[in-house]
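Each remark here refers to the structure printed beneath this line.
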Amino acid sequence: MSERTASPELTAFSRPSDLENQVSRLFHVPPERLFHFWTDPSTFALTYTTDPTRATVETYEFRQGGKYSIVTRGGDGGVYRFQGEYLEIVPPRRIVNTWEVSMWPGVRAVETDEFERVGESTRLTIRWKYPSREDRDRMKGVGGKGGISEQWDFIADLLART
């Protein structure tokens, strides 16, 4: 385990309302840097997988009204497509987009990513709002809490090294 993953920074999961799931973590970089990492075409795939060889970015139009689509291949051999449309972009503070994943056809969430300055660091909070509680329960997050925590540990390590 690296120093970064051994840090006291934990990925926090919550349910702000009956229709929402939320995840939050402090990253030790300024908001501009984290926002750039999250949105740069060269690192976009790394927000979905720790292994860029397991991801194919099909579409990436980072602008209001633009679309995105990324296919990831899991270690279990499963193939998952994430896709949506950007609804609002306020650099380096906020991104709002639709979010769909092939594992749950017909279910669409609205995802809001907030990049909040905390001193020289950034608290990233991602909230998914679903049309129903049933959809919220089906889409707890691909890979669940463990997958998101592992992904965000990887991103924190990568940002610390570069």
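Ordering of the structure tokens sets the chain letters (A, B, ...); residue numbers start at 1 within each chain; ligands are numbered from 1 in the order shown.
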Would you give me, as a VMD selection string, the residues in segment 39-159 of chain A that DSSP reads as strand (DSSP E)?
chain A and resid 55 to 60 67 to 73 79 to 90 94 to 101 109 to 118 121 to 129
List the neighbours of Thr72 of chain A out to 9 Å using only C-alpha atoms; skip same-chain residues closer than 5 positions along the sequence, and give me the result as a list in words.
Ala45, Tyr48, Thr49, Pro52, Thr53, Arg54, Ala55, Thr56, Val57, Gly78, Val79, Tyr80, Arg81 and Phe82 of chain A
Within 12 Å of Gln64 of chain A, counting only C-alpha atoms, which residues show up once you throw out same-chain ones fewer than 2 positions away? Write them as a VMD selection string, please.
chain A and resid 60 to 62 66 to 68 84 to 91 94 to 98
Write the selection just made, keeping N, CA and C atoms, as a CSV table (one decimal), in the first residue's frame?
```
chain,number,residue,atom,x,y,z
A,60,TYR,N,-16.1,11.9,-26.9
A,60,TYR,CA,-15.8,12.8,-25.8
A,60,TYR,C,-15.9,14.3,-26.4
A,61,GLU,N,-17.0,14.9,-26.1
A,61,GLU,CA,-17.3,16.3,-26.5
A,61,GLU,C,-17.6,17.1,-25.3
A,62,PHE,N,-16.5,17.5,-24.7
A,62,PHE,CA,-16.6,18.2,-23.4
A,62,PHE,C,-17.0,19.7,-23.6
A,66,GLY,N,-22.6,18.5,-25.3
A,66,GLY,CA,-21.8,17.5,-25.9
A,66,GLY,C,-22.0,16.1,-25.2
A,67,LYS,N,-21.7,15.1,-25.9
A,67,LYS,CA,-21.9,13.7,-25.5
A,67,LYS,C,-20.6,13.1,-25.1
A,68,TYR,N,-20.7,12.0,-24.2
A,68,TYR,CA,-19.5,11.2,-23.9
A,68,TYR,C,-20.0,9.7,-23.9
A,84,GLY,N,-23.5,9.6,-21.7
A,84,GLY,CA,-24.4,10.7,-21.3
A,84,GLY,C,-24.1,12.0,-22.1
A,85,GLU,N,-24.8,13.0,-21.6
A,85,GLU,CA,-24.7,14.4,-22.2
A,85,GLU,C,-24.3,15.4,-21.1
A,86,TYR,N,-23.5,16.3,-21.5
A,86,TYR,CA,-23.1,17.4,-20.6
A,86,TYR,C,-24.2,18.5,-20.6
A,87,LEU,N,-24.7,18.8,-19.4
A,87,LEU,CA,-25.8,19.7,-19.3
A,87,LEU,C,-25.3,21.1,-18.8
A,88,GLU,N,-24.2,21.1,-18.0
A,88,GLU,CA,-23.7,22.4,-17.4
A,88,GLU,C,-22.2,22.1,-17.1
A,89,ILE,N,-21.4,23.1,-17.5
A,89,ILE,CA,-20.0,23.1,-17.2
A,89,ILE,C,-19.6,24.5,-16.7
A,90,VAL,N,-19.0,24.5,-15.4
A,90,VAL,CA,-18.6,25.7,-14.8
A,90,VAL,C,-17.1,25.5,-14.3
A,91,PRO,N,-16.1,25.7,-15.2
A,91,PRO,CA,-14.7,25.4,-14.7
A,91,PRO,C,-14.3,26.4,-13.6
A,94,ARG,N,-17.8,23.0,-11.3
A,94,ARG,CA,-19.0,22.1,-11.4
A,94,ARG,C,-19.2,21.5,-12.8
A,95,ILE,N,-19.6,20.3,-12.9
A,95,ILE,CA,-20.0,19.6,-14.1
A,95,ILE,C,-21.3,18.9,-13.8
A,96,VAL,N,-22.3,19.1,-14.7
A,96,VAL,CA,-23.6,18.4,-14.6
A,96,VAL,C,-23.8,17.6,-15.9
A,97,ASN,N,-24.1,16.3,-15.8
A,97,ASN,CA,-24.3,15.5,-17.0
A,97,ASN,C,-25.3,14.4,-16.7
A,98,THR,N,-25.9,13.9,-17.7
A,98,THR,CA,-26.6,12.7,-17.6
A,98,THR,C,-25.7,11.5,-17.5
```
Applying 12 Å and only C-alpha atoms, which residues near Arg15 of chain A remain after dropping the ones on its own chain fewer than 2 positions away? List them as a VMD selection string.
chain A and resid 12 to 13 17 to 24 126 to 130 133 136 to 137 140
Writer output for current selection, N, CA and C atoms, as a PDB file, in the first residue's frame:
```pdb
ATOM      1  N   ALA A  12     -16.141   9.083   1.252  1.00  0.00           N
ATOM      2  CA  ALA A  12     -17.355   9.031   2.071  1.00  0.00           C
ATOM      3  C   ALA A  12     -18.577   8.844   1.176  1.00  0.00           C
ATOM      4  N   PHE A  13     -19.411   7.915   1.549  1.00  0.00           N
ATOM      5  CA  PHE A  13     -20.632   7.617   0.802  1.00  0.00           C
ATOM      6  C   PHE A  13     -21.840   8.039   1.628  1.00  0.00           C
ATOM      7  N   SER A  17     -30.836  12.188  -0.220  1.00  0.00           N
ATOM      8  CA  SER A  17     -32.306  12.152  -0.290  1.00  0.00           C
ATOM      9  C   SER A  17     -32.728  10.770  -0.767  1.00  0.00           C
ATOM     10  N   ASP A  18     -34.031  10.549  -0.827  1.00  0.00           N
ATOM     11  CA  ASP A  18     -34.546   9.256  -1.279  1.00  0.00           C
ATOM     12  C   ASP A  18     -34.192   8.935  -2.726  1.00  0.00           C
ATOM     13  N   LEU A  19     -33.811   9.936  -3.501  1.00  0.00           N
ATOM     14  CA  LEU A  19     -33.526   9.721  -4.917  1.00  0.00           C
ATOM     15  C   LEU A  19     -32.049   9.898  -5.275  1.00  0.00           C
ATOM     16  N   GLU A  20     -31.174  10.034  -4.257  1.00  0.00           N
ATOM     17  CA  GLU A  20     -29.776  10.352  -4.543  1.00  0.00           C
ATOM     18  C   GLU A  20     -28.792   9.437  -3.827  1.00  0.00           C
ATOM     19  N   ASN A  21     -27.666   9.197  -4.508  1.00  0.00           N
ATOM     20  CA  ASN A  21     -26.469   8.618  -3.904  1.00  0.00           C
ATOM     21  C   ASN A  21     -25.363   9.644  -4.074  1.00  0.00           C
ATOM     22  N   GLN A  22     -24.431   9.673  -3.120  1.00  0.00           N
ATOM     23  CA  GLN A  22     -23.370  10.677  -3.162  1.00  0.00           C
ATOM     24  C   GLN A  22     -22.065  10.067  -2.673  1.00  0.00           C
ATOM     25  N   VAL A  23     -20.959  10.539  -3.251  1.00  0.00           N
ATOM     26  CA  VAL A  23     -19.630  10.130  -2.823  1.00  0.00           C
ATOM     27  C   VAL A  23     -18.761  11.389  -2.775  1.00  0.00           C
ATOM     28  N   SER A  24     -17.860  11.457  -1.782  1.00  0.00           N
ATOM     29  CA  SER A  24     -17.057  12.663  -1.577  1.00  0.00           C
ATOM     30  C   SER A  24     -15.682  12.268  -1.048  1.00  0.00           C
ATOM     31  N   ILE A 126     -19.528  13.931  -5.802  1.00  0.00           N
ATOM     32  CA  ILE A 126     -20.334  13.519  -6.949  1.00  0.00           C
ATOM     33  C   ILE A 126     -21.660  12.997  -6.421  1.00  0.00           C
ATOM     34  N   ARG A 127     -22.730  13.530  -7.005  1.00  0.00           N
ATOM     35  CA  ARG A 127     -24.090  13.159  -6.592  1.00  0.00           C
ATOM     36  C   ARG A 127     -24.847  12.672  -7.825  1.00  0.00           C
ATOM     37  N   TRP A 128     -25.507  11.536  -7.697  1.00  0.00           N
ATOM     38  CA  TRP A 128     -26.347  11.001  -8.759  1.00  0.00           C
ATOM     39  C   TRP A 128     -27.799  11.082  -8.300  1.00  0.00           C
ATOM     40  N   LYS A 129     -28.626  11.722  -9.102  1.00  0.00           N
ATOM     41  CA  LYS A 129     -30.059  11.819  -8.794  1.00  0.00           C
ATOM     42  C   LYS A 129     -30.819  10.962  -9.804  1.00  0.00           C
ATOM     43  N   TYR A 130     -31.665  10.088  -9.279  1.00  0.00           N
ATOM     44  CA  TYR A 130     -32.373   9.092 -10.077  1.00  0.00           C
ATOM     45  C   TYR A 130     -33.852   9.430 -10.170  1.00  0.00           C
ATOM     46  N   ARG A 133     -36.657   5.591  -6.529  1.00  0.00           N
ATOM     47  CA  ARG A 133     -35.845   4.884  -5.532  1.00  0.00           C
ATOM     48  C   ARG A 133     -35.389   3.532  -6.050  1.00  0.00           C
ATOM     49  N   ARG A 136     -32.420   4.169  -8.106  1.00  0.00           N
ATOM     50  CA  ARG A 136     -31.311   4.498  -7.203  1.00  0.00           C
ATOM     51  C   ARG A 136     -30.723   3.226  -6.603  1.00  0.00           C
ATOM     52  N   ASP A 137     -31.574   2.319  -6.170  1.00  0.00           N
ATOM     53  CA  ASP A 137     -31.104   1.093  -5.548  1.00  0.00           C
ATOM     54  C   ASP A 137     -30.398   0.182  -6.549  1.00  0.00           C
ATOM     55  N   LYS A 140     -26.221   1.575  -7.540  1.00  0.00           N
ATOM     56  CA  LYS A 140     -25.487   2.022  -6.356  1.00  0.00           C
ATOM     57  C   LYS A 140     -24.084   2.486  -6.707  1.00  0.00           C
TER      58      LYS A 140
END
```
Residue neighbourhood Pro31 of chain A, 8 Å, only C-alpha atoms, exclusion window fewer than 5 positions, as a list in words
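The filter keeps Pro92, Arg93, Phe115, Glu116, Arg117, Ser121 and Thr122 of chain A.
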Between atom CA of Thr50 of chain A and atom CA of Arg73 of chain A lies a distance of 11.1 Å
Could you check the closest approach to Arg123 of chain A for each of A:Ala156, A:Trp99, A:Phe44, A:Asp51 and tell me which residue wins, using only C-alpha atoms?
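Among the listed residues, the smallest separation from Arg123 of chain A belongs to A:Ala156.
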Picked from segment 111-142 of chain A by DSSP as helix (DSSP H, G or I), as a list of chain:residue names:
A:Arg133, A:Glu134, A:Asp135, A:Arg136, A:Asp137, A:Arg138
I need the residues from that last selection saved to file as a PDB file, in the first residue's frame (with C-alpha atoms), if you can.
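Ended up saving to again36.pdb:
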```
ATOM      1  CA  ARG A 133     -35.845   4.884  -5.532  1.00  0.00           C
ATOM      2  CA  GLU A 134     -35.876   1.596  -7.433  1.00  0.00           C
ATOM      3  CA  ASP A 135     -33.451   3.034  -9.988  1.00  0.00           C
ATOM      4  CA  ARG A 136     -31.311   4.498  -7.203  1.00  0.00           C
ATOM      5  CA  ASP A 137     -31.104   1.093  -5.548  1.00  0.00           C
ATOM      6  CA  ARG A 138     -30.183  -0.639  -8.833  1.00  0.00           C
TER       7      ARG A 138
END
```
